[in-house]
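Novice: target.pdb is reproduced in full below (PDB, C-alpha atoms and all ligand atoms).
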```
ATOM      1  CA  MET A   1     -28.389  26.227 -18.515  1.00  0.00           C
ATOM      2  CA  TYR A   2     -31.142  24.923 -20.794  1.00  0.00           C
ATOM      3  CA  ARG A   3     -32.974  21.954 -19.325  1.00  0.00           C
ATOM      4  CA  PRO A   4     -35.769  20.357 -21.331  1.00  0.00           C
ATOM      5  CA  ILE A   5     -38.993  19.782 -19.449  1.00  0.00           C
ATOM      6  CA  ASN A   6     -40.705  16.382 -19.544  1.00  0.00           C
ATOM      7  CA  HIS A   7     -37.800  14.811 -21.415  1.00  0.00           C
ATOM      8  CA  GLY A   8     -35.263  12.409 -20.054  1.00  0.00           C
ATOM      9  CA  TYR A   9     -31.594  13.310 -20.078  1.00  0.00           C
ATOM     10  CA  ILE A  10     -28.326  12.716 -18.235  1.00  0.00           C
ATOM     11  CA  GLU A  11     -26.408  15.319 -16.263  1.00  0.00           C
ATOM     12  CA  VAL A  12     -22.963  14.528 -14.857  1.00  0.00           C
ATOM     13  CA  VAL A  13     -21.043  16.551 -12.284  1.00  0.00           C
ATOM     14  CA  VAL A  14     -17.358  15.592 -12.003  1.00  0.00           C
ATOM     15  CA  GLY A  15     -14.199  16.867 -10.367  1.00  0.00           C
ATOM     16  CA  PRO A  16     -11.663  15.923  -7.692  1.00  0.00           C
ATOM     17  CA  MET A  17     -12.395  15.395  -4.018  1.00  0.00           C
ATOM     18  CA  TYR A  18     -13.680  18.526  -2.234  1.00  0.00           C
ATOM     19  CA  SER A  19     -14.731  20.188  -5.508  1.00  0.00           C
ATOM     20  CA  GLY A  20     -18.359  20.358  -4.381  1.00  0.00           C
ATOM     21  CA  LYS A  21     -19.841  17.480  -6.400  1.00  0.00           C
ATOM     22  CA  SER A  22     -22.069  16.268  -3.575  1.00  0.00           C
ATOM     23  CA  GLU A  23     -23.047  19.832  -2.751  1.00  0.00           C
ATOM     24  CA  GLU A  24     -24.065  20.433  -6.367  1.00  0.00           C
ATOM     25  CA  LEU A  25     -25.923  17.117  -6.611  1.00  0.00           C
ATOM     26  CA  ILE A  26     -27.814  17.903  -3.401  1.00  0.00           C
ATOM     27  CA  ARG A  27     -28.615  21.432  -4.647  1.00  0.00           C
ATOM     28  CA  ARG A  28     -30.094  20.124  -7.906  1.00  0.00           C
ATOM     29  CA  LEU A  29     -32.092  17.430  -6.139  1.00  0.00           C
ATOM     30  CA  LYS A  30     -33.486  19.846  -3.560  1.00  0.00           C
ATOM     31  CA  ARG A  31     -34.584  22.174  -6.353  1.00  0.00           C
ATOM     32  CA  ALA A  32     -36.320  19.280  -8.105  1.00  0.00           C
ATOM     33  CA  LYS A  33     -38.114  18.575  -4.833  1.00  0.00           C
ATOM     34  CA  ILE A  34     -39.180  22.231  -4.604  1.00  0.00           C
ATOM     35  CA  ALA A  35     -40.610  21.768  -8.110  1.00  0.00           C
ATOM     36  CA  LYS A  36     -42.647  18.891  -6.604  1.00  0.00           C
ATOM     37  CA  GLN A  37     -40.879  16.260  -8.662  1.00  0.00           C
ATOM     38  CA  ASN A  38     -40.535  12.728  -7.409  1.00  0.00           C
ATOM     39  CA  ILE A  39     -36.883  12.059  -6.735  1.00  0.00           C
ATOM     40  CA  ILE A  40     -34.817   9.100  -5.574  1.00  0.00           C
ATOM     41  CA  VAL A  41     -31.120   9.074  -4.725  1.00  0.00           C
ATOM     42  CA  PHE A  42     -28.635   6.207  -4.848  1.00  0.00           C
ATOM     43  CA  LYS A  43     -25.078   5.727  -3.711  1.00  0.00           C
ATOM     44  CA  PRO A  44     -22.752   2.722  -3.757  1.00  0.00           C
ATOM     45  CA  HIS A  45     -22.840   0.608  -0.631  1.00  0.00           C
ATOM     46  CA  ILE A  46     -19.065   0.884  -0.129  1.00  0.00           C
ATOM     47  CA  ASP A  47     -19.214   4.604   0.515  1.00  0.00           C
ATOM     48  CA  ASP A  48     -20.440   4.986   4.075  1.00  0.00           C
ATOM     49  CA  ARG A  49     -18.104   7.841   4.966  1.00  0.00           C
ATOM     50  CA  TYR A  50     -20.609   9.701   7.078  1.00  0.00           C
ATOM     51  CA  SER A  51     -23.982   8.097   6.803  1.00  0.00           C
ATOM     52  CA  LYS A  52     -25.422   4.881   5.409  1.00  0.00           C
ATOM     53  CA  ASN A  53     -28.664   6.523   4.348  1.00  0.00           C
ATOM     54  CA  ASP A  54     -27.671   9.960   3.161  1.00  0.00           C
ATOM     55  CA  VAL A  55     -25.521  11.739   0.658  1.00  0.00           C
ATOM     56  CA  VAL A  56     -23.525  14.130   2.843  1.00  0.00           C
ATOM     57  CA  SER A  57     -21.256  16.882   1.512  1.00  0.00           C
ATOM     58  CA  HIS A  58     -18.069  18.026   3.244  1.00  0.00           C
ATOM     59  CA  SER A  59     -19.860  21.259   4.114  1.00  0.00           C
ATOM     60  CA  GLY A  60     -22.621  19.356   5.899  1.00  0.00           C
ATOM     61  CA  ASP A  61     -25.561  19.431   3.431  1.00  0.00           C
ATOM     62  CA  SER A  62     -27.364  16.160   3.117  1.00  0.00           C
ATOM     63  CA  ILE A  63     -30.165  14.374   1.332  1.00  0.00           C
ATOM     64  CA  ASN A  64     -31.660  10.972   1.915  1.00  0.00           C
ATOM     65  CA  ALA A  65     -30.167   8.238  -0.288  1.00  0.00           C
ATOM     66  CA  ILE A  66     -30.318   4.486  -0.681  1.00  0.00           C
ATOM     67  CA  ALA A  67     -27.032   2.555  -0.566  1.00  0.00           C
ATOM     68  CA  ILE A  68     -27.057  -0.182  -3.221  1.00  0.00           C
ATOM     69  CA  GLU A  69     -24.684  -3.053  -4.019  1.00  0.00           C
ATOM     70  CA  LYS A  70     -24.911  -2.988  -7.800  1.00  0.00           C
ATOM     71  CA  ALA A  71     -26.219  -0.656 -10.491  1.00  0.00           C
ATOM     72  CA  SER A  72     -29.090  -2.951 -11.485  1.00  0.00           C
ATOM     73  CA  ASP A  73     -30.549  -2.656  -7.950  1.00  0.00           C
ATOM     74  CA  ILE A  74     -31.896   0.690  -9.194  1.00  0.00           C
ATOM     75  CA  TYR A  75     -34.561  -1.168 -11.199  1.00  0.00           C
ATOM     76  CA  ASP A  76     -35.856  -2.882  -8.041  1.00  0.00           C
ATOM     77  CA  LEU A  77     -36.243   0.438  -6.244  1.00  0.00           C
ATOM     78  CA  ILE A  78     -37.824   2.794  -8.769  1.00  0.00           C
ATOM     79  CA  ASP A  79     -41.381   2.900  -9.999  1.00  0.00           C
ATOM     80  CA  ASP A  80     -43.317   4.835 -12.647  1.00  0.00           C
ATOM     81  CA  SER A  81     -43.770   7.840 -10.354  1.00  0.00           C
ATOM     82  CA  ILE A  82     -40.032   8.661 -10.284  1.00  0.00           C
ATOM     83  CA  GLN A  83     -39.041  11.705 -12.335  1.00  0.00           C
ATOM     84  CA  VAL A  84     -35.496  12.373 -11.140  1.00  0.00           C
ATOM     85  CA  VAL A  85     -32.782   9.839 -10.234  1.00  0.00           C
ATOM     86  CA  GLY A  86     -29.685  11.105  -8.385  1.00  0.00           C
ATOM     87  CA  ILE A  87     -26.511   9.011  -8.168  1.00  0.00           C
ATOM     88  CA  ASP A  88     -23.523   9.955  -6.003  1.00  0.00           C
ATOM     89  CA  GLU A  89     -19.984   8.490  -6.122  1.00  0.00           C
ATOM     90  CA  VAL A  90     -20.836   7.095  -9.544  1.00  0.00           C
ATOM     91  CA  GLN A  91     -17.194   6.057 -10.142  1.00  0.00           C
ATOM     92  CA  PHE A  92     -17.629   3.142  -7.719  1.00  0.00           C
ATOM     93  CA  PHE A  93     -20.494   1.557  -9.650  1.00  0.00           C
ATOM     94  CA  ASP A  94     -20.085  -1.276 -12.131  1.00  0.00           C
ATOM     95  CA  LYS A  95     -20.192  -0.509 -15.868  1.00  0.00           C
ATOM     96  CA  ASP A  96     -23.918  -1.386 -16.019  1.00  0.00           C
ATOM     97  CA  ILE A  97     -24.573   2.070 -14.616  1.00  0.00           C
ATOM     98  CA  ILE A  98     -23.949   3.545 -18.085  1.00  0.00           C
ATOM     99  CA  ASP A  99     -26.647   1.513 -19.885  1.00  0.00           C
ATOM    100  CA  ILE A 100     -29.004   1.998 -16.953  1.00  0.00           C
ATOM    101  CA  ALA A 101     -28.579   5.792 -16.993  1.00  0.00           C
ATOM    102  CA  VAL A 102     -29.218   5.780 -20.754  1.00  0.00           C
ATOM    103  CA  ASP A 103     -32.279   3.542 -20.357  1.00  0.00           C
ATOM    104  CA  LEU A 104     -33.753   5.739 -17.606  1.00  0.00           C
ATOM    105  CA  ALA A 105     -33.171   8.884 -19.680  1.00  0.00           C
ATOM    106  CA  ASN A 106     -34.825   7.188 -22.672  1.00  0.00           C
ATOM    107  CA  LYS A 107     -37.830   6.528 -20.437  1.00  0.00           C
ATOM    108  CA  GLY A 108     -38.137  10.230 -19.649  1.00  0.00           C
ATOM    109  CA  ILE A 109     -36.238  10.369 -16.357  1.00  0.00           C
ATOM    110  CA  ARG A 110     -33.766  13.122 -15.484  1.00  0.00           C
ATOM    111  CA  VAL A 111     -30.611  11.360 -14.293  1.00  0.00           C
ATOM    112  CA  ILE A 112     -28.102  13.400 -12.286  1.00  0.00           C
ATOM    113  CA  ALA A 113     -24.829  11.632 -11.530  1.00  0.00           C
ATOM    114  CA  ALA A 114     -21.907  12.991  -9.518  1.00  0.00           C
ATOM    115  CA  GLY A 115     -18.486  11.444  -9.051  1.00  0.00           C
ATOM    116  CA  LEU A 116     -14.742  11.466  -9.488  1.00  0.00           C
ATOM    117  CA  ASP A 117     -13.527  11.762 -13.070  1.00  0.00           C
ATOM    118  CA  MET A 118      -9.980  10.658 -12.115  1.00  0.00           C
ATOM    119  CA  ASP A 119      -8.501   8.371  -9.486  1.00  0.00           C
ATOM    120  CA  PHE A 120      -5.560   9.387  -7.282  1.00  0.00           C
ATOM    121  CA  LYS A 121      -3.176   8.516 -10.140  1.00  0.00           C
ATOM    122  CA  GLY A 122      -4.898  11.019 -12.401  1.00  0.00           C
ATOM    123  CA  GLU A 123      -6.359   8.254 -14.577  1.00  0.00           C
ATOM    124  CA  PRO A 124     -10.024   8.027 -15.716  1.00  0.00           C
ATOM    125  CA  PHE A 125     -12.074   6.417 -12.961  1.00  0.00           C
ATOM    126  CA  GLY A 126     -14.416   3.443 -13.484  1.00  0.00           C
ATOM    127  CA  PRO A 127     -17.582   4.117 -15.514  1.00  0.00           C
ATOM    128  CA  THR A 128     -17.312   7.935 -15.245  1.00  0.00           C
ATOM    129  CA  PRO A 129     -15.564   8.582 -18.604  1.00  0.00           C
ATOM    130  CA  GLU A 130     -18.210   6.706 -20.609  1.00  0.00           C
ATOM    131  CA  LEU A 131     -20.984   8.346 -18.669  1.00  0.00           C
ATOM    132  CA  LEU A 132     -19.517  11.734 -19.551  1.00  0.00           C
ATOM    133  CA  ALA A 133     -19.591  10.720 -23.203  1.00  0.00           C
ATOM    134  CA  VAL A 134     -23.296   9.814 -23.255  1.00  0.00           C
ATOM    135  CA  ALA A 135     -24.508  12.675 -21.015  1.00  0.00           C
ATOM    136  CA  GLU A 136     -26.352  15.718 -22.343  1.00  0.00           C
ATOM    137  CA  PHE A 137     -24.926  18.044 -19.708  1.00  0.00           C
ATOM    138  CA  VAL A 138     -21.483  17.865 -18.135  1.00  0.00           C
ATOM    139  CA  ASP A 139     -20.075  20.084 -15.416  1.00  0.00           C
ATOM    140  CA  LYS A 140     -16.439  19.649 -14.511  1.00  0.00           C
ATOM    141  CA  ILE A 141     -15.814  21.573 -11.307  1.00  0.00           C
ATOM    142  CA  GLN A 142     -12.639  22.367  -9.385  1.00  0.00           C
ATOM    143  CA  ALA A 143     -11.627  22.403  -5.750  1.00  0.00           C
ATOM    144  CA  ILE A 144      -8.887  24.613  -4.302  1.00  0.00           C
ATOM    145  CA  CYS A 145      -5.347  23.192  -4.434  1.00  0.00           C
ATOM    146  CA  SER A 146      -4.237  22.607  -0.865  1.00  0.00           C
ATOM    147  CA  VAL A 147      -0.619  23.410  -1.823  1.00  0.00           C
ATOM    148  CA  CYS A 148      -0.799  26.521  -4.035  1.00  0.00           C
ATOM    149  CA  GLY A 149      -4.390  27.777  -3.865  1.00  0.00           C
ATOM    150  CA  GLN A 150      -5.025  27.470  -7.613  1.00  0.00           C
ATOM    151  CA  PRO A 151      -8.031  25.519  -8.985  1.00  0.00           C
ATOM    152  CA  ALA A 152      -7.545  21.829  -8.152  1.00  0.00           C
ATOM    153  CA  THR A 153      -8.454  19.133 -10.662  1.00  0.00           C
ATOM    154  CA  ARG A 154      -6.874  16.083  -9.017  1.00  0.00           C
ATOM    155  CA  SER A 155      -7.174  14.082  -5.815  1.00  0.00           C
ATOM    156  CA  GLN A 156      -3.856  13.615  -4.006  1.00  0.00           C
ATOM    157  CA  ARG A 157      -3.605  10.382  -2.078  1.00  0.00           C
ATOM    158  CA  LEU A 158      -1.335  10.549   0.973  1.00  0.00           C
ATOM    159  CA  ILE A 159      -0.062   7.614   3.030  1.00  0.00           C
ATOM    160  CA  ASP A 160       1.186   8.740   6.439  1.00  0.00           C
ATOM    161  CA  GLY A 161       1.332  12.266   4.998  1.00  0.00           C
ATOM    162  CA  GLN A 162       3.515  11.320   1.987  1.00  0.00           C
ATOM    163  CA  PRO A 163       2.340  11.148  -1.659  1.00  0.00           C
ATOM    164  CA  ALA A 164       1.167   7.616  -2.422  1.00  0.00           C
ATOM    165  CA  LYS A 165       3.065   5.563  -5.000  1.00  0.00           C
ATOM    166  CA  TYR A 166       1.387   4.519  -8.252  1.00  0.00           C
ATOM    167  CA  ASP A 167       1.023   0.901  -7.161  1.00  0.00           C
ATOM    168  CA  ASP A 168       0.448   1.353  -3.432  1.00  0.00           C
ATOM    169  CA  PRO A 169      -2.196  -1.138  -2.346  1.00  0.00           C
ATOM    170  CA  ILE A 170      -5.736   0.169  -1.935  1.00  0.00           C
ATOM    171  CA  ILE A 171      -5.811  -0.715   1.745  1.00  0.00           C
ATOM    172  CA  GLN A 172      -2.637  -0.501   3.798  1.00  0.00           C
ATOM    173  CA  VAL A 173      -2.903  -1.997   7.239  1.00  0.00           C
ATOM    174  CA  GLY A 174      -1.707   0.347   9.973  1.00  0.00           C
ATOM    175  CA  ALA A 175      -1.082   3.297   7.627  1.00  0.00           C
ATOM    176  CA  VAL A 176      -2.992   6.562   7.824  1.00  0.00           C
ATOM    177  CA  GLU A 177      -4.456   7.338   4.431  1.00  0.00           C
ATOM    178  CA  SER A 178      -5.784  10.756   3.506  1.00  0.00           C
ATOM    179  CA  TYR A 179      -6.691  12.748   0.440  1.00  0.00           C
ATOM    180  CA  GLU A 180      -6.424  16.365  -0.568  1.00  0.00           C
ATOM    181  CA  ALA A 181      -7.326  18.400  -3.639  1.00  0.00           C
ATOM    182  CA  ARG A 182      -4.414  19.505  -5.838  1.00  0.00           C
ATOM    183  CA  CYS A 183      -3.781  21.171  -9.192  1.00  0.00           C
ATOM    184  CA  ARG A 184      -1.909  19.423 -12.034  1.00  0.00           C
ATOM    185  CA  LYS A 185       1.388  21.022 -10.987  1.00  0.00           C
ATOM    186  CA  CYS A 186       1.202  20.069  -7.305  1.00  0.00           C
ATOM    187  CA  HIS A 187      -0.267  16.592  -7.839  1.00  0.00           C
ATOM    188  CA  VAL A 188       2.394  13.915  -7.179  1.00  0.00           C
ATOM    189  CA  VAL A 189       2.308  10.215  -8.064  1.00  0.00           C
ATOM    190  CA  LYS A 190       5.594   8.560  -7.221  1.00  0.00           C
TER     191      LYS A 190
HETATM  192  P1  LIG B 201     -17.064  16.486  -3.198  1.00  0.00           P
HETATM  193  O1  LIG B 201     -18.387  15.773  -3.233  1.00  0.00           O
HETATM  194  O2  LIG B 201     -16.617  16.977  -4.549  1.00  0.00           O
HETATM  195  O3  LIG B 201     -15.963  15.698  -2.497  1.00  0.00           O
HETATM  196  P2  LIG B 201     -18.357  18.165  -1.259  1.00  0.00           P
HETATM  197  O4  LIG B 201     -19.581  18.706  -1.927  1.00  0.00           O
HETATM  198  O5  LIG B 201     -18.541  17.034  -0.316  1.00  0.00           O
HETATM  199  O6  LIG B 201     -17.245  17.826  -2.355  1.00  0.00           O
HETATM  200  O7  LIG B 201     -17.635  19.320  -0.410  1.00  0.00           O
HETATM  201  C1  LIG B 201     -17.331  20.595  -0.927  1.00  0.00           C
HETATM  202  C2  LIG B 201     -16.952  21.485   0.240  1.00  0.00           C
HETATM  203  O8  LIG B 201     -15.733  21.052   0.813  1.00  0.00           O
HETATM  204  C3  LIG B 201     -16.685  22.938  -0.102  1.00  0.00           C
HETATM  205  O9  LIG B 201     -17.856  23.695  -0.189  1.00  0.00           O
HETATM  206  C4  LIG B 201     -15.817  23.401   1.072  1.00  0.00           C
HETATM  207  O10 LIG B 201     -16.646  23.794   2.140  1.00  0.00           O
HETATM  208  C5  LIG B 201     -15.104  22.123   1.507  1.00  0.00           C
HETATM  209  N1  LIG B 201     -13.671  22.060   1.195  1.00  0.00           N
HETATM  210  C6  LIG B 201     -12.747  21.470   1.966  1.00  0.00           C
HETATM  211  N2  LIG B 201     -11.529  21.495   1.380  1.00  0.00           N
HETATM  212  C7  LIG B 201     -11.664  22.115   0.195  1.00  0.00           C
HETATM  213  C8  LIG B 201     -10.772  22.425  -0.901  1.00  0.00           C
HETATM  214  N3  LIG B 201      -9.479  22.102  -0.872  1.00  0.00           N
HETATM  215  N4  LIG B 201     -11.300  23.042  -1.981  1.00  0.00           N
HETATM  216  C9  LIG B 201     -12.590  23.373  -2.009  1.00  0.00           C
HETATM  217  N5  LIG B 201     -13.469  23.118  -1.021  1.00  0.00           N
HETATM  218  C10 LIG B 201     -13.038  22.476   0.062  1.00  0.00           C
HETATM  219 ZN    ZN B 202      -1.288  23.587  -6.794  1.00  0.00          ZN
END
```
Can the structure in the file be given as structure tokens, please?
Ligand code: ADP
Ligand code: ZN
Specialist:
Amino acid sequence: MYRPINHGYIEVVVGPMYSGKSEELIRRLKRAKIAKQNIIVFKPHIDDRYSKNDVVSHSGDSINAIAIEKASDIYDLIDDSIQVVGIDEVQFFDKDIIDIAVDLANKGIRVIAAGLDMDFKGEPFGPTPELLAVAEFVDKIQAICSVCGQPATRSQRLIDGQPAKYDDPIIQVGAVESYEARCRKCHVVK
């Protein structure tokens, strides 16, 4: 894929859970490091699945990251030496993340964002759709459907092992919530 040198631009990697978004983000950032570029990585504070200070993929790769409360915190943490900004779980950021990504790219920074394109209902998720629209490079990647083995494009939410209903509350006390990757055909929203 063509990547301009010394120009800012936005790359977005999207797909369902388990599609390898974090893996791909980490791969790109590690390669930028090998190229001796100054990188910094952010993730939303709410996502502390595995580690507060790292982006960690399901396969175990990781890279150091800073957990921030709001998109504009990025401005407090970068300086003129930064050449590449990585952002994981971009769907959980506020809408400011779009203008900030554009502003950073305009200033010559390579912005690489990864996140969910759809929520468990199969609907566009947070700021991701608009970010896709303004990005130079978009990669939409698939996981493997846990039901039929075909490419999975959706995240299936399960409550106590059963497909979640459209308006199930985000947090259900006492219930076991889990997610799996599914294709369009196997994805169920009751
Ligand atoms: P994402 O950030 O998109 O949730 P990760 O990069 O964290 O994905 O993890 C991707 C890894 O998850 C794969 O390389 C594979 O090892 C593992 N994995 C687990 N379940 C699945 C699945 N259903 N489809 C594809 N990969 C899966
Ligand atoms: Zn399927």
Novice: Return the single residue from A:His7, A:Lys33, A:Arg28, A:Arg154 that is closest to Met118 in chain A, with distances computed using all atoms listed in the file.
Specialist: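 Using all atoms listed in the file, the shortest distance to Met118 in chain A belongs to A:Arg154.
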Novice: Quick one: residues within 8 Å of Glu177 in chain A, all atoms listed in the file counted, chain neighbours fewer than 5 positions away excluded, as a ChimeraX atom specification?
Specialist: /A:157-161
Novice: Could you tell me, counting only C-alpha atoms and all ligand atoms, which protein and nucleic acid residues lie no more than 10 Å from ligand LIG 201 (chain B), written as an MDAnalysis selection string?
Specialist: chainID A and resid 13:27 55:62 88:89 114:116 141:147 149:153 155 179:182
Novice: Restricting it to C-alpha atoms, dump the selection as a PDB file, in the coordinates of the input.
Specialist:
```pdb
ATOM      1  CA  VAL A  13     -21.043  16.551 -12.284  1.00  0.00           C
ATOM      2  CA  VAL A  14     -17.358  15.592 -12.003  1.00  0.00           C
ATOM      3  CA  GLY A  15     -14.199  16.867 -10.367  1.00  0.00           C
ATOM      4  CA  PRO A  16     -11.663  15.923  -7.692  1.00  0.00           C
ATOM      5  CA  MET A  17     -12.395  15.395  -4.018  1.00  0.00           C
ATOM      6  CA  TYR A  18     -13.680  18.526  -2.234  1.00  0.00           C
ATOM      7  CA  SER A  19     -14.731  20.188  -5.508  1.00  0.00           C
ATOM      8  CA  GLY A  20     -18.359  20.358  -4.381  1.00  0.00           C
ATOM      9  CA  LYS A  21     -19.841  17.480  -6.400  1.00  0.00           C
ATOM     10  CA  SER A  22     -22.069  16.268  -3.575  1.00  0.00           C
ATOM     11  CA  GLU A  23     -23.047  19.832  -2.751  1.00  0.00           C
ATOM     12  CA  GLU A  24     -24.065  20.433  -6.367  1.00  0.00           C
ATOM     13  CA  LEU A  25     -25.923  17.117  -6.611  1.00  0.00           C
ATOM     14  CA  ILE A  26     -27.814  17.903  -3.401  1.00  0.00           C
ATOM     15  CA  ARG A  27     -28.615  21.432  -4.647  1.00  0.00           C
ATOM     16  CA  VAL A  55     -25.521  11.739   0.658  1.00  0.00           C
ATOM     17  CA  VAL A  56     -23.525  14.130   2.843  1.00  0.00           C
ATOM     18  CA  SER A  57     -21.256  16.882   1.512  1.00  0.00           C
ATOM     19  CA  HIS A  58     -18.069  18.026   3.244  1.00  0.00           C
ATOM     20  CA  SER A  59     -19.860  21.259   4.114  1.00  0.00           C
ATOM     21  CA  GLY A  60     -22.621  19.356   5.899  1.00  0.00           C
ATOM     22  CA  ASP A  61     -25.561  19.431   3.431  1.00  0.00           C
ATOM     23  CA  SER A  62     -27.364  16.160   3.117  1.00  0.00           C
ATOM     24  CA  ASP A  88     -23.523   9.955  -6.003  1.00  0.00           C
ATOM     25  CA  GLU A  89     -19.984   8.490  -6.122  1.00  0.00           C
ATOM     26  CA  ALA A 114     -21.907  12.991  -9.518  1.00  0.00           C
ATOM     27  CA  GLY A 115     -18.486  11.444  -9.051  1.00  0.00           C
ATOM     28  CA  LEU A 116     -14.742  11.466  -9.488  1.00  0.00           C
ATOM     29  CA  ILE A 141     -15.814  21.573 -11.307  1.00  0.00           C
ATOM     30  CA  GLN A 142     -12.639  22.367  -9.385  1.00  0.00           C
ATOM     31  CA  ALA A 143     -11.627  22.403  -5.750  1.00  0.00           C
ATOM     32  CA  ILE A 144      -8.887  24.613  -4.302  1.00  0.00           C
ATOM     33  CA  CYS A 145      -5.347  23.192  -4.434  1.00  0.00           C
ATOM     34  CA  SER A 146      -4.237  22.607  -0.865  1.00  0.00           C
ATOM     35  CA  VAL A 147      -0.619  23.410  -1.823  1.00  0.00           C
ATOM     36  CA  GLY A 149      -4.390  27.777  -3.865  1.00  0.00           C
ATOM     37  CA  GLN A 150      -5.025  27.470  -7.613  1.00  0.00           C
ATOM     38  CA  PRO A 151      -8.031  25.519  -8.985  1.00  0.00           C
ATOM     39  CA  ALA A 152      -7.545  21.829  -8.152  1.00  0.00           C
ATOM     40  CA  THR A 153      -8.454  19.133 -10.662  1.00  0.00           C
ATOM     41  CA  SER A 155      -7.174  14.082  -5.815  1.00  0.00           C
ATOM     42  CA  TYR A 179      -6.691  12.748   0.440  1.00  0.00           C
ATOM     43  CA  GLU A 180      -6.424  16.365  -0.568  1.00  0.00           C
ATOM     44  CA  ALA A 181      -7.326  18.400  -3.639  1.00  0.00           C
ATOM     45  CA  ARG A 182      -4.414  19.505  -5.838  1.00  0.00           C
TER      46      ARG A 182
END
```
Novice: In Å, how far is it from CA of Lys190 in chain A to CA of Tyr166 in chain A?
Specialist: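 So the two atoms, CA of Lys190 in chain A and CA of Tyr166 in chain A, lie 5.9 Å apart.
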Novice: Mind checking which residues fall within 12 Å of Phe92 in chain A, counting only C-alpha atoms, ignoring those fewer than 2 positions away in the same chain, and posting them as a compact mmCIF listing (two decimals) with C-alpha atoms, keeping the file's coordinate frame?
Specialist:
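Okay, out34.txt is ready:
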```txt
# COMPACT_ATOMS: atom_id res chain seq x y z
CA PHE A 42 -28.64 6.21 -4.85
CA LYS A 43 -25.08 5.73 -3.71
CA PRO A 44 -22.75 2.72 -3.76
CA HIS A 45 -22.84 0.61 -0.63
CA ILE A 46 -19.07 0.88 -0.13
CA ASP A 47 -19.21 4.60 0.52
CA ALA A 67 -27.03 2.56 -0.57
CA ILE A 68 -27.06 -0.18 -3.22
CA GLU A 69 -24.68 -3.05 -4.02
CA LYS A 70 -24.91 -2.99 -7.80
CA ALA A 71 -26.22 -0.66 -10.49
CA ILE A 87 -26.51 9.01 -8.17
CA ASP A 88 -23.52 9.96 -6.00
CA GLU A 89 -19.98 8.49 -6.12
CA VAL A 90 -20.84 7.10 -9.54
CA ASP A 94 -20.08 -1.28 -12.13
CA LYS A 95 -20.19 -0.51 -15.87
CA ASP A 96 -23.92 -1.39 -16.02
CA ILE A 97 -24.57 2.07 -14.62
CA ALA A 113 -24.83 11.63 -11.53
CA ALA A 114 -21.91 12.99 -9.52
CA GLY A 115 -18.49 11.44 -9.05
CA LEU A 116 -14.74 11.47 -9.49
CA ASP A 117 -13.53 11.76 -13.07
CA MET A 118 -9.98 10.66 -12.12
CA ASP A 119 -8.50 8.37 -9.49
CA PHE A 125 -12.07 6.42 -12.96
CA GLY A 126 -14.42 3.44 -13.48
CA PRO A 127 -17.58 4.12 -15.51
CA THR A 128 -17.31 7.94 -15.24
```
Novice: Which residues come within 8 Å of Ile98 in chain A, counting only C-alpha atoms, excluding same-chain residues fewer than 4 positions away, as a ChimeraX atom specification?
Specialist: /A:102,127,130-131
